[in-house]
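Colleague: I am attaching a structure below and will ask some questions about it afterwards.
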Amino acid sequence: MVWSDENKSCLILDKIHEFFYHLMGPKKEVTIKEQDINNLELAIKTIGTVGRFSADFNKSVEIIKSVYGAFANLWYTLLWCNLESPALIIMDQLDEISRACEAVYEDEEPLTLGMNELSKFRKKLKTMTAEEQPEWKKVLTRLNK
């Protein structure tokens with residue numbers, strides 16, 4: 001259970017984007033295959049799972065920050081490759097993490113710092129997307145919430 005170990009979680013989250021470095025070459029020379037898209041979606045869902053479980057169970061703000069960092073690193077790739085569909089999956093994962101941060105069990109407090117970090121992160125994504133891919137209307141609409 002990686003989400004329960006802060007060091008392991010942060011290490012994995014900090015490195016997962018490196019599996020997609022091959023997509024960051026010159027646009028005319030890089031061919032994105034269906035397997036690349038599938039792997040991106042799997043990585044996004046894996047990051048989201050670590051974030052959700054961390055917010056739900058061990059309430060680690062450090063892991064949550066690493067989750068947002070991992071999503072940001074993948075977001076650069078998605079912008080570069082103009083892959084809006086996986087970006088929408090990130091938006092879904094952020095919504096689930098937000099719900100997990102707000103969830104309280106018995107005498108627990110909501111993970112307020114996680115929600116604050118999410119708010120800052122959404123603003124960062126909005127700025128990046130508006131500059132690099134202003135035609136991503138669905139993503140920008142969701143980031144405006």
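Going by the structure tokens order, chains are called A, B, ..., each with residues numbered from 1, while ligands are numbered from 1 in the order shown.
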Taking 5 positions as the minimum chain separation for residues in the same chain, which residues sit within 7 Å of stretch 122-129 of chain A when counting only C-alpha atoms? Answer as a VMD selection string.

Modeller: chain A and resid 134 140 143

Colleague: Do you know which residues are at most 10 Å from A:Asn73 counting only C-alpha atoms, after dropping those on the same chain fewer than 3 positions away, and could you put them as a PyMOL selection string?

Modeller: chain A and resi 13-18+20+67-70+76-78

Colleague: Grab the residues selected above and save them as a short mmCIF file (atom, residue, chain, number, x, y, z; two decimals), in the first residue's frame with C-alpha atoms.

Modeller:
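Wrote it out as selection16.cif, contents follow:
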data_model
loop_
_atom_site.label_atom_id
_atom_site.label_comp_id
_atom_site.auth_asym_id
_atom_site.auth_seq_id
_atom_site.Cartn_x
_atom_site.Cartn_y
_atom_site.Cartn_z
CA LEU A 13 4.82 10.31 -7.87
CA ASP A 14 7.92 12.39 -8.58
CA LYS A 15 9.14 9.88 -11.20
CA ILE A 16 6.02 8.61 -12.96
CA HIS A 17 6.08 11.32 -15.65
CA GLU A 18 9.49 10.12 -16.81
CA PHE A 20 6.47 9.66 -21.05
CA VAL A 67 0.10 14.14 -6.45
CA TYR A 68 -0.49 17.64 -7.77
CA GLY A 69 3.15 17.84 -8.86
CA ALA A 70 2.83 14.54 -10.72
CA TYR A 76 2.99 19.64 -19.63
CA THR A 77 3.12 16.49 -21.78
CA LEU A 78 -0.61 16.66 -22.50
#

Colleague: My list of candidates is A:Val50, A:Cys101, A:Cys10, A:Ile37. Which is closest to A:Asn82 when distances are computed with only C-alpha atoms?

Modeller: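 Among the listed residues, the smallest separation from A:Asn82 belongs to A:Ile37.
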
Colleague: Using only C-alpha atoms, determine which residues lie at most 12 Å from A:Glu109, disregarding the query and same-chain residues fewer than 3 positions distant; provide the list as a list in words.

Modeller: Ala55, Asp56, Phe57, Asn58, Lys59, Ala100, Cys101, Glu102, Ala103, Val104, Tyr105, Glu106, Thr112, Leu113 and Gly114 of chain A

Colleague: Which residues are near stretch 30-33 of chain A? Cut-off 10 Å, only C-alpha atoms, ignore same chain within fewer than 6 positions. Put them as a PyMOL selection string.

Modeller: chain A and resi 22-24+39+81+83

Colleague: Suppose we keep N, CA and C atoms; can you now write the selection as a PDB file, in the first residue's frame?

Modeller:
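Final output, saved to result26.pdb:
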ATOM      1  N   HIS A  22       9.485  10.190 -23.930  1.00  0.00           N
ATOM      2  CA  HIS A  22       9.592   9.934 -25.369  1.00  0.00           C
ATOM      3  C   HIS A  22       8.540  10.697 -26.177  1.00  0.00           C
ATOM      4  N   LEU A  23       7.517  11.227 -25.526  1.00  0.00           N
ATOM      5  CA  LEU A  23       6.483  11.998 -26.219  1.00  0.00           C
ATOM      6  C   LEU A  23       6.841  13.471 -26.367  1.00  0.00           C
ATOM      7  N   MET A  24       7.937  13.888 -25.753  1.00  0.00           N
ATOM      8  CA  MET A  24       8.269  15.313 -25.697  1.00  0.00           C
ATOM      9  C   MET A  24       9.252  15.762 -26.781  1.00  0.00           C
ATOM     10  N   ASN A  39      -1.353   4.140 -21.603  1.00  0.00           N
ATOM     11  CA  ASN A  39      -0.401   4.250 -20.499  1.00  0.00           C
ATOM     12  C   ASN A  39      -0.546   5.569 -19.756  1.00  0.00           C
ATOM     13  N   CYS A  81       1.488  17.657 -26.475  1.00  0.00           N
ATOM     14  CA  CYS A  81       0.971  16.697 -27.454  1.00  0.00           C
ATOM     15  C   CYS A  81      -0.477  16.973 -27.853  1.00  0.00           C
ATOM     16  N   LEU A  83      -3.334  16.638 -26.058  1.00  0.00           N
ATOM     17  CA  LEU A  83      -4.144  15.489 -25.666  1.00  0.00           C
ATOM     18  C   LEU A  83      -5.167  15.917 -24.612  1.00  0.00           C
TER      19      LEU A  83
END

Colleague: So that I can check the secondary structure, give me every residue of chain A assigned alpha helix (DSSP H) by backbone DSSP, as an NGL selection string.

Modeller: :A and (6-15 or 34-53 or 61-81 or 84-102 or 112-132 or 137-143)

Colleague: Which of these, A:Phe121, A:Lys65, A:Asp5, A:Trp75, has the shortest distance to A:Leu40 once you count only C-alpha atoms?

Modeller: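 When distances to A:Leu40 are compared using only C-alpha atoms, the smallest one comes from A:Trp75.
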
Colleague: Counting only C-alpha atoms, figure out which residue out of A:Glu62, A:Pro86, A:Lys138, A:Gln35 gets nearest to A:Lys8.

Modeller: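 The closest residue to A:Lys8 is A:Glu62.
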
Colleague: Smallest atom-to-atom distance to A:Glu135: which of A:Asp107, A:Leu118, A:Leu94, A:Leu79, using only C-alpha atoms?

Modeller: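 Going through A:Asp107, A:Leu118, A:Leu94, A:Leu79 one by one, the smallest distance to A:Glu135 is for A:Leu79.
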
Colleague: When you draw a straight line from atom CA of A:Glu41 to atom CA of A:Glu84, how long is it in Å?

Modeller: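 Separating atom CA of A:Glu41 from atom CA of A:Glu84 is a distance of 11.5 Å.
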
Colleague: Have a look at A:Arg99, A:Leu88, A:Met115, A:Glu108 and name the one nearest to A:Lys137; count only C-alpha atoms.

Modeller: A:Leu88

Colleague: Give me, please, the distance in Å between atom CA of A:Tyr21 and atom CA of A:Ser4, quoted to one decimal.

Modeller: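 Rounded to one decimal, the two atoms are 27.8 Å apart.
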
Colleague: Between atom CA of A:Gly51 and atom CA of A:Val139, what is the distance, to one decimal in Å?

Modeller: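 Between atom CA of A:Gly51 and atom CA of A:Val139 the gap works out to 20.3 Å.
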
Colleague: For A:Ser60, which residue out of A:Ile97, A:Ile90, A:Leu11, A:Leu111 is the nearest one, using only C-alpha atoms?

Modeller: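 Selected residue with least distance to A:Ser60: A:Leu111.
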